[in-house]
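Read the structure below first, then the notes.
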Amino acid sequence: MWALEHRFAAAQSSAFDDGWGTLDQLASEETLPAATQVIEQTVRSILSANDSPDISFDLSVNPYRGCEHGCIYCFARPTHSYLNLSPGIDFETRIVAKTNAAERLREAFARRAYQPRLLNLGSATDAYQPVERRLRITRGVIEVLGECRHACSLVTKSSGVERDLDLIAPLAARRLAAVYVSITTLDGALARILEPRAAAPERRLRTIATLAAAGVPVGVSVSPVIPFINEPELERVLAAAAQAGAKRAFSIVLRLPWEVNPLFQQWLAQHFPDRAERVMSRVREMRGGRDNDPRFGSRMRGEGVWAELLSQRFKKACARLGLDRDRFELDLTQFEPPHLPRSTGQGELF
């Protein structure tokens, strides 16, 4: 059974600066979130298999469903419809927390048939969104990864990842961890309306520097690229990330699956009425005349002249900045399955 509770204001003071801001800062920026509810859920499984050739990892772990960051472009928004919740405000304010994620991961690793594969943490919704401050589900998952010496990558736009450097840095030293920080823009004003409750761009750059200084392989994701909105900044974002210490980069063009499409277009008309038509025209040019193209192979990069020009810009900038190296090679050979006590019902795992 799900337990529903009101979460204390996520913007209250915290000993750790994860870049989410204080209550006063949020209020002054008119980004104060609606009251957030946390739906605590126990899950039967936590590993999700990837069947997309567009993605480099094989397995994913998402400790949360829904995300308080409120990024208007988030491709995971439609998943809230499966819960009979809205992909709009409910996605941002009704967060499912998988409270037994670490336990289920340990059980999965203990199965005799399990073979280690490339695993990504937080591929759908951010594993370090504000509620993680209190629930520490992501930290528990990383503890299991460390216990079993299982390689993992992590993608986040939160500085909360710095809290767990005591776990991540030792993994990185053994070639078992890499982190990618998502930075879509260097413009604080744009970030506040595009990703209203994520860490500020300059705070994310500091996170890259902190990770790099701790010996963690760190890359940058400039995703999504939105024509005429953050697209003109592409090279500047890459340069700032490289200067901060990033060693690799990837980029995905805007995707508008299902309910994301009307939500994004409403946001676009509200904040950029002067260029909304141009933005959507360029999106359709990359998507074969449609608002969205879900096909493997093209959905991440688009097609046509403009998509090719964007790809060339990205590749040239990465080559110039030293961000064009292959993905960080993680070592899957060190995996050690956990030893579960018999009292947990271990026999049922085989």
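Naming works like this for the structure tokens: A, B, ... for the chains as they're shown, residue 1 at the start of each chain, ligands 1 onward in shown order.
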Task: Contacts of A:Thr93 at 9 Å (only C-alpha atoms; same-chain gap of 4+ positions) as a PyMOL selection string - done: chain A and resi 33-38+66-68+70+89
List every residue of stretch 85-244 of chain A that DSSP, applied to the backbone of this structure, assigns to strand (DSSP E), and report them as a PDB file with N, CA and C atoms, in the first residue's frame.
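After the write, part.pdb holds the following:
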ATOM      1  N   ARG A  94       3.658  15.546  -7.070  1.00  0.00           N
ATOM      2  CA  ARG A  94       3.279  14.270  -6.472  1.00  0.00           C
ATOM      3  C   ARG A  94       4.337  13.243  -6.871  1.00  0.00           C
ATOM      4  N   ILE A  95       5.282  13.061  -5.979  1.00  0.00           N
ATOM      5  CA  ILE A  95       6.496  12.305  -6.261  1.00  0.00           C
ATOM      6  C   ILE A  95       6.402  10.915  -5.655  1.00  0.00           C
ATOM      7  N   VAL A  96       6.594   9.900  -6.470  1.00  0.00           N
ATOM      8  CA  VAL A  96       6.630   8.531  -5.986  1.00  0.00           C
ATOM      9  C   VAL A  96       8.061   8.205  -5.561  1.00  0.00           C
ATOM     10  N   ALA A  97       8.228   7.833  -4.309  1.00  0.00           N
ATOM     11  CA  ALA A  97       9.539   7.482  -3.765  1.00  0.00           C
ATOM     12  C   ALA A  97       9.597   5.977  -3.533  1.00  0.00           C
ATOM     13  N   LYS A  98      10.515   5.314  -4.198  1.00  0.00           N
ATOM     14  CA  LYS A  98      10.635   3.852  -4.114  1.00  0.00           C
ATOM     15  C   LYS A  98      11.517   3.512  -2.906  1.00  0.00           C
ATOM     16  N   LEU A 119      25.019   0.123 -16.143  1.00  0.00           N
ATOM     17  CA  LEU A 119      23.854   0.561 -15.365  1.00  0.00           C
ATOM     18  C   LEU A 119      23.902   2.064 -15.183  1.00  0.00           C
ATOM     19  N   ASN A 120      22.764   2.701 -15.392  1.00  0.00           N
ATOM     20  CA  ASN A 120      22.672   4.152 -15.213  1.00  0.00           C
ATOM     21  C   ASN A 120      21.683   4.468 -14.110  1.00  0.00           C
ATOM     22  N   LEU A 121      22.036   5.431 -13.277  1.00  0.00           N
ATOM     23  CA  LEU A 121      21.194   5.855 -12.159  1.00  0.00           C
ATOM     24  C   LEU A 121      20.545   7.193 -12.484  1.00  0.00           C
ATOM     25  N   CYS A 152      28.627   1.940 -12.483  1.00  0.00           N
ATOM     26  CA  CYS A 152      27.415   2.707 -12.782  1.00  0.00           C
ATOM     27  C   CYS A 152      27.779   4.091 -13.299  1.00  0.00           C
ATOM     28  N   SER A 153      26.875   4.649 -14.094  1.00  0.00           N
ATOM     29  CA  SER A 153      26.954   6.052 -14.476  1.00  0.00           C
ATOM     30  C   SER A 153      25.761   6.753 -13.867  1.00  0.00           C
ATOM     31  N   LEU A 154      25.836   8.071 -13.782  1.00  0.00           N
ATOM     32  CA  LEU A 154      24.788   8.850 -13.132  1.00  0.00           C
ATOM     33  C   LEU A 154      24.620  10.151 -13.892  1.00  0.00           C
ATOM     34  N   VAL A 155      23.372  10.530 -14.148  1.00  0.00           N
ATOM     35  CA  VAL A 155      23.083  11.805 -14.812  1.00  0.00           C
ATOM     36  C   VAL A 155      22.223  12.644 -13.879  1.00  0.00           C
ATOM     37  N   THR A 156      22.609  13.898 -13.656  1.00  0.00           N
ATOM     38  CA  THR A 156      21.855  14.757 -12.750  1.00  0.00           C
ATOM     39  C   THR A 156      22.022  16.215 -13.126  1.00  0.00           C
ATOM     40  N   ALA A 177      32.619   4.270 -11.555  1.00  0.00           N
ATOM     41  CA  ALA A 177      31.609   5.325 -11.540  1.00  0.00           C
ATOM     42  C   ALA A 177      32.014   6.492 -12.427  1.00  0.00           C
ATOM     43  N   ALA A 178      31.004   7.091 -13.066  1.00  0.00           N
ATOM     44  CA  ALA A 178      31.170   8.325 -13.834  1.00  0.00           C
ATOM     45  C   ALA A 178      29.884   9.129 -13.679  1.00  0.00           C
ATOM     46  N   VAL A 179      30.010  10.446 -13.683  1.00  0.00           N
ATOM     47  CA  VAL A 179      28.855  11.333 -13.489  1.00  0.00           C
ATOM     48  C   VAL A 179      28.753  12.295 -14.656  1.00  0.00           C
ATOM     49  N   TYR A 180      27.533  12.505 -15.125  1.00  0.00           N
ATOM     50  CA  TYR A 180      27.256  13.505 -16.156  1.00  0.00           C
ATOM     51  C   TYR A 180      26.327  14.557 -15.562  1.00  0.00           C
ATOM     52  N   VAL A 181      26.722  15.810 -15.676  1.00  0.00           N
ATOM     53  CA  VAL A 181      25.912  16.914 -15.163  1.00  0.00           C
ATOM     54  C   VAL A 181      25.193  17.570 -16.339  1.00  0.00           C
ATOM     55  N   SER A 182      23.905  17.724 -16.228  1.00  0.00           N
ATOM     56  CA  SER A 182      23.097  18.323 -17.293  1.00  0.00           C
ATOM     57  C   SER A 182      23.086  19.841 -17.152  1.00  0.00           C
ATOM     58  N   VAL A 218      33.879  13.095 -15.116  1.00  0.00           N
ATOM     59  CA  VAL A 218      32.660  13.890 -15.205  1.00  0.00           C
ATOM     60  C   VAL A 218      32.470  14.418 -16.615  1.00  0.00           C
ATOM     61  N   GLY A 219      31.253  14.292 -17.103  1.00  0.00           N
ATOM     62  CA  GLY A 219      30.903  14.807 -18.414  1.00  0.00           C
ATOM     63  C   GLY A 219      29.762  15.785 -18.296  1.00  0.00           C
ATOM     64  N   VAL A 220      29.369  16.353 -19.420  1.00  0.00           N
ATOM     65  CA  VAL A 220      28.261  17.302 -19.443  1.00  0.00           C
ATOM     66  C   VAL A 220      27.255  16.866 -20.495  1.00  0.00           C
ATOM     67  N   SER A 221      25.998  17.002 -20.151  1.00  0.00           N
ATOM     68  CA  SER A 221      24.915  16.775 -21.098  1.00  0.00           C
ATOM     69  C   SER A 221      24.283  18.120 -21.435  1.00  0.00           C
ATOM     70  N   VAL A 222      24.362  18.512 -22.691  1.00  0.00           N
ATOM     71  CA  VAL A 222      23.687  19.739 -23.140  1.00  0.00           C
ATOM     72  C   VAL A 222      22.403  19.273 -23.821  1.00  0.00           C
ATOM     73  N   SER A 223      21.419  18.972 -23.002  1.00  0.00           N
ATOM     74  CA  SER A 223      20.189  18.360 -23.503  1.00  0.00           C
ATOM     75  C   SER A 223      18.987  18.855 -22.690  1.00  0.00           C
ATOM     76  N   PRO A 224      17.897  19.151 -23.382  1.00  0.00           N
ATOM     77  CA  PRO A 224      17.743  19.121 -24.833  1.00  0.00           C
ATOM     78  C   PRO A 224      18.186  20.438 -25.462  1.00  0.00           C
ATOM     79  N   VAL A 225      18.547  20.364 -26.726  1.00  0.00           N
ATOM     80  CA  VAL A 225      18.829  21.576 -27.494  1.00  0.00           C
ATOM     81  C   VAL A 225      17.518  22.031 -28.133  1.00  0.00           C
TER      82      VAL A 225
END
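The shortest atom-to-atom distance to A:Ala49, with only C-alpha atoms taken into account, belongs to A:Arg117 out of A:Arg139, A:Arg192, A:Arg175, A:Arg117.
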Open item on the list: For the structure I just gave you, how does DSSP split stretch 46-264 of chain A - specifically, which residues are helix (DSSP H, G or I)? Reply as a ChimeraX atom specification.
Closed with: /A:77-83,89-93,101-110,132-135,137-148,159-173,188-194,201-213,231-244,260-264
TODO: One decimal, Å: what's the distance from atom CA of A:Pro262 over to atom CA of A:Asn292, could you say?
DONE: 11.5 Å
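Rounded to one decimal, atom CA of A:Leu176 and atom CA of A:Arg327 lie 13.1 Å from each other.
Between A:Leu165 and the residues A:Ala189, A:Leu211, A:Leu330, A:Leu135, the shortest atom-to-atom distance, using only C-alpha atoms, involves A:Leu211.
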Open item on the list: I'd like the contact shell of A:Thr184 - 12 Å cut-off, only C-alpha atoms, skipping same-chain residues fewer than 6 positions apart - returned as a ChimeraX atom specification.
Closed with: /A:71,73,156-157,190-192,194-195,198-202,204-205,220-226,229-238,240-241,250-254
Residues from last step as file, N, CA and C atoms, as a compact mmCIF listing (two decimals), in the first residue's frame:
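Contents of the output file part.txt:
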# COMPACT_ATOMS: atom_id res chain seq x y z
N CYS A 71 11.22 20.64 -14.98
CA CYS A 71 11.69 20.97 -16.32
C CYS A 71 10.56 20.75 -17.33
N TYR A 73 10.45 20.39 -20.43
CA TYR A 73 10.73 19.52 -21.57
C TYR A 73 10.87 18.04 -21.19
N THR A 156 22.61 13.90 -13.66
CA THR A 156 21.85 14.76 -12.75
C THR A 156 22.02 16.21 -13.13
N LYS A 157 21.06 17.03 -12.74
CA LYS A 157 21.23 18.48 -12.83
C LYS A 157 21.19 19.10 -11.43
N LEU A 190 16.71 32.30 -18.02
CA LEU A 190 16.11 31.24 -18.82
C LEU A 190 15.97 29.96 -17.99
N ALA A 191 16.99 29.64 -17.21
CA ALA A 191 16.94 28.42 -16.39
C ALA A 191 15.78 28.45 -15.42
N ARG A 192 15.46 29.63 -14.88
CA ARG A 192 14.38 29.72 -13.89
C ARG A 192 13.01 29.42 -14.47
N LEU A 194 12.75 27.54 -17.51
CA LEU A 194 12.89 26.28 -18.24
C LEU A 194 12.98 25.09 -17.28
N GLU A 195 13.72 25.28 -16.20
CA GLU A 195 13.97 24.24 -15.19
C GLU A 195 13.83 24.89 -13.82
N ALA A 198 15.51 23.43 -10.47
CA ALA A 198 16.81 22.75 -10.54
C ALA A 198 17.89 23.72 -10.09
N ALA A 199 19.08 23.19 -9.81
CA ALA A 199 20.19 24.05 -9.40
C ALA A 199 20.51 25.07 -10.49
N ALA A 200 20.94 26.24 -10.08
CA ALA A 200 21.29 27.30 -11.03
C ALA A 200 22.48 26.85 -11.88
N PRO A 201 22.59 27.37 -13.11
CA PRO A 201 23.69 26.95 -13.99
C PRO A 201 25.07 27.07 -13.37
N GLU A 202 25.34 28.20 -12.69
CA GLU A 202 26.67 28.37 -12.11
C GLU A 202 26.93 27.36 -11.00
N ARG A 204 25.80 24.28 -11.01
CA ARG A 204 26.09 23.01 -11.68
C ARG A 204 27.54 22.99 -12.18
N LEU A 205 28.02 24.15 -12.64
CA LEU A 205 29.42 24.22 -13.07
C LEU A 205 30.35 23.98 -11.88
N VAL A 220 29.37 16.35 -19.42
CA VAL A 220 28.26 17.30 -19.44
C VAL A 220 27.25 16.87 -20.50
N SER A 221 26.00 17.00 -20.15
CA SER A 221 24.91 16.77 -21.10
C SER A 221 24.28 18.12 -21.43
N VAL A 222 24.36 18.51 -22.69
CA VAL A 222 23.69 19.74 -23.14
C VAL A 222 22.40 19.27 -23.82
N SER A 223 21.42 18.97 -23.00
CA SER A 223 20.19 18.36 -23.50
C SER A 223 18.99 18.85 -22.69
N PRO A 224 17.90 19.15 -23.38
CA PRO A 224 17.74 19.12 -24.83
C PRO A 224 18.19 20.44 -25.46
N VAL A 225 18.55 20.36 -26.73
CA VAL A 225 18.83 21.58 -27.49
C VAL A 225 17.52 22.03 -28.13
N ILE A 226 17.10 23.24 -27.79
CA ILE A 226 15.82 23.79 -28.27
C ILE A 226 16.12 24.92 -29.26
N ILE A 229 16.10 28.88 -28.57
CA ILE A 229 15.93 29.13 -27.13
C ILE A 229 17.28 28.97 -26.43
N ASN A 230 17.77 27.75 -26.32
CA ASN A 230 19.11 27.56 -25.76
C ASN A 230 20.12 27.13 -26.82
N GLU A 231 19.65 26.85 -28.02
CA GLU A 231 20.54 26.41 -29.11
C GLU A 231 21.68 27.40 -29.39
N PRO A 232 21.43 28.74 -29.35
CA PRO A 232 22.56 29.65 -29.62
C PRO A 232 23.68 29.55 -28.60
N GLU A 233 23.42 28.98 -27.44
CA GLU A 233 24.42 28.89 -26.38
C GLU A 233 25.25 27.61 -26.44
N LEU A 234 24.98 26.74 -27.37
CA LEU A 234 25.58 25.40 -27.35
C LEU A 234 27.08 25.43 -27.11
N GLU A 235 27.81 26.20 -27.91
CA GLU A 235 29.27 26.23 -27.77
C GLU A 235 29.70 26.84 -26.44
N ARG A 236 28.97 27.86 -25.97
CA ARG A 236 29.34 28.50 -24.71
C ARG A 236 29.15 27.56 -23.52
N VAL A 237 28.08 26.78 -23.54
CA VAL A 237 27.86 25.81 -22.46
C VAL A 237 28.96 24.77 -22.45
N LEU A 238 29.31 24.26 -23.62
CA LEU A 238 30.37 23.27 -23.70
C LEU A 238 31.70 23.84 -23.21
N ALA A 240 32.19 26.32 -21.06
CA ALA A 240 32.14 26.52 -19.60
C ALA A 240 32.30 25.20 -18.88
N ALA A 241 31.67 24.15 -19.39
CA ALA A 241 31.79 22.83 -18.75
C ALA A 241 33.21 22.30 -18.85
N PHE A 250 27.68 14.99 -24.30
CA PHE A 250 26.71 14.50 -25.26
C PHE A 250 25.55 15.47 -25.30
N SER A 251 24.75 15.37 -26.35
CA SER A 251 23.67 16.32 -26.56
C SER A 251 22.52 15.63 -27.26
N ILE A 252 21.29 15.99 -26.90
CA ILE A 252 20.07 15.45 -27.51
C ILE A 252 19.18 16.63 -27.90
N VAL A 253 18.61 16.56 -29.08
CA VAL A 253 17.70 17.63 -29.49
C VAL A 253 16.34 17.44 -28.82
N LEU A 254 15.57 18.50 -28.77
CA LEU A 254 14.27 18.49 -28.09
C LEU A 254 13.38 17.36 -28.60
TODO: Could you give me, as a PyMOL selection string, the residues within 12 Å of A:Pro87, counting only C-alpha atoms and dropping anything in the same chain fewer than 2 positions from it?
DONE: chain A and resi 65-67+70-85+89-95+257-264
Grab the residues selected above and save them as a PDB file, in the first residue's frame with C-alpha atoms.
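result_20.pdb written:
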ATOM      1  CA  ARG A  65       8.909   8.746 -10.341  1.00  0.00           C
ATOM      2  CA  GLY A  66       8.027  12.368 -11.001  1.00  0.00           C
ATOM      3  CA  CYS A  67      10.477  15.205 -10.430  1.00  0.00           C
ATOM      4  CA  GLY A  70       9.799  20.956 -13.010  1.00  0.00           C
ATOM      5  CA  CYS A  71      11.690  20.970 -16.324  1.00  0.00           C
ATOM      6  CA  ILE A  72       9.066  21.723 -18.954  1.00  0.00           C
ATOM      7  CA  TYR A  73      10.732  19.515 -21.573  1.00  0.00           C
ATOM      8  CA  CYS A  74      11.057  16.344 -19.455  1.00  0.00           C
ATOM      9  CA  PHE A  75      10.349  13.287 -21.609  1.00  0.00           C
ATOM     10  CA  ALA A  76       9.318  11.304 -18.489  1.00  0.00           C
ATOM     11  CA  ARG A  77       6.233  13.440 -17.811  1.00  0.00           C
ATOM     12  CA  PRO A  78       3.821  11.068 -19.620  1.00  0.00           C
ATOM     13  CA  THR A  79       4.678   8.246 -17.202  1.00  0.00           C
ATOM     14  CA  HIS A  80       2.558   9.953 -14.528  1.00  0.00           C
ATOM     15  CA  SER A  81      -0.502   9.158 -16.631  1.00  0.00           C
ATOM     16  CA  TYR A  82       0.042   5.499 -15.714  1.00  0.00           C
ATOM     17  CA  LEU A  83      -0.749   6.509 -12.122  1.00  0.00           C
ATOM     18  CA  ASN A  84      -3.879   8.449 -13.120  1.00  0.00           C
ATOM     19  CA  LEU A  85      -1.975  11.644 -12.319  1.00  0.00           C
ATOM     20  CA  ILE A  89       1.603  19.860 -12.148  1.00  0.00           C
ATOM     21  CA  ASP A  90       1.178  16.384 -10.621  1.00  0.00           C
ATOM     22  CA  PHE A  91       4.459  15.259 -12.193  1.00  0.00           C
ATOM     23  CA  GLU A  92       6.198  18.088 -10.326  1.00  0.00           C
ATOM     24  CA  THR A  93       4.322  17.904  -7.016  1.00  0.00           C
ATOM     25  CA  ARG A  94       3.279  14.270  -6.472  1.00  0.00           C
ATOM     26  CA  ILE A  95       6.496  12.305  -6.261  1.00  0.00           C
ATOM     27  CA  PRO A 257       6.456  12.771 -26.871  1.00  0.00           C
ATOM     28  CA  TRP A 258       2.776  12.483 -25.969  1.00  0.00           C
ATOM     29  CA  GLU A 259       1.651  15.012 -23.320  1.00  0.00           C
ATOM     30  CA  VAL A 260       5.002  16.818 -23.335  1.00  0.00           C
ATOM     31  CA  ASN A 261       4.070  18.381 -26.686  1.00  0.00           C
ATOM     32  CA  PRO A 262       1.072  20.502 -25.575  1.00  0.00           C
ATOM     33  CA  LEU A 263       2.732  21.364 -22.261  1.00  0.00           C
ATOM     34  CA  PHE A 264       5.867  22.598 -24.006  1.00  0.00           C
TER      35      PHE A 264
END
Open item on the list: Can you pull out the residues contacting A:Glu308? Cut-off 12 Å, using only C-alpha atoms, and skip same-chain residues under 6 positions away; I want them as an NGL selection string.
Closed with: :A and (253 or 285-286 or 298 or 301-302 or 314-315)
Produce a file of the selected residues containing N, CA and C atoms, as an mmCIF file, in the first residue's frame.
data_model
loop_
_atom_site.group_PDB
_atom_site.id
_atom_site.type_symbol
_atom_site.label_atom_id
_atom_site.label_comp_id
_atom_site.auth_asym_id
_atom_site.auth_seq_id
_atom_site.Cartn_x
_atom_site.Cartn_y
_atom_site.Cartn_z
ATOM 1 N N VAL A 253 18.607 16.560 -29.078
ATOM 2 C CA VAL A 253 17.697 17.630 -29.492
ATOM 3 C C VAL A 253 16.342 17.440 -28.818
ATOM 4 N N GLU A 285 10.911 20.686 -38.837
ATOM 5 C CA GLU A 285 11.878 20.479 -39.913
ATOM 6 C C GLU A 285 12.815 19.321 -39.577
ATOM 7 N N MET A 286 13.146 19.180 -38.282
ATOM 8 C CA MET A 286 14.027 18.089 -37.857
ATOM 9 C C MET A 286 13.277 16.775 -37.668
ATOM 10 N N SER A 298 16.708 8.281 -34.951
ATOM 11 C CA SER A 298 16.528 9.695 -35.265
ATOM 12 C C SER A 298 15.941 10.486 -34.107
ATOM 13 N N ARG A 301 18.522 12.805 -32.270
ATOM 14 C CA ARG A 301 19.310 13.814 -32.991
ATOM 15 C C ARG A 301 18.547 14.531 -34.097
ATOM 16 N N GLY A 302 17.420 13.978 -34.515
ATOM 17 C CA GLY A 302 16.674 14.610 -35.597
ATOM 18 C C GLY A 302 17.271 14.277 -36.953
ATOM 19 N N PHE A 314 28.247 20.795 -32.731
ATOM 20 C CA PHE A 314 28.557 20.091 -31.486
ATOM 21 C C PHE A 314 29.887 19.351 -31.594
ATOM 22 N N LYS A 315 30.085 18.625 -32.681
ATOM 23 C CA LYS A 315 31.308 17.836 -32.842
ATOM 24 C C LYS A 315 32.545 18.723 -32.930
#
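Comparing A:Val279, A:Leu145, A:Ile39, A:Met300 by their smallest distance to A:Ile55, the closest is A:Met300 (using only C-alpha atoms).
Closest to A:Pro196 among A:Cys148, A:Arg255, A:His69, A:Gly215 is A:His69, based on only C-alpha atoms.
Counting from atom CA of A:Ala108, the distance to atom CA of A:Ser45 is 7.9 Å.
With distances taken over only C-alpha atoms, A:Asn100 is the one residue among A:Gln243, A:Ser86, A:Asn100, A:Gln115 lying closest to A:Ile46.
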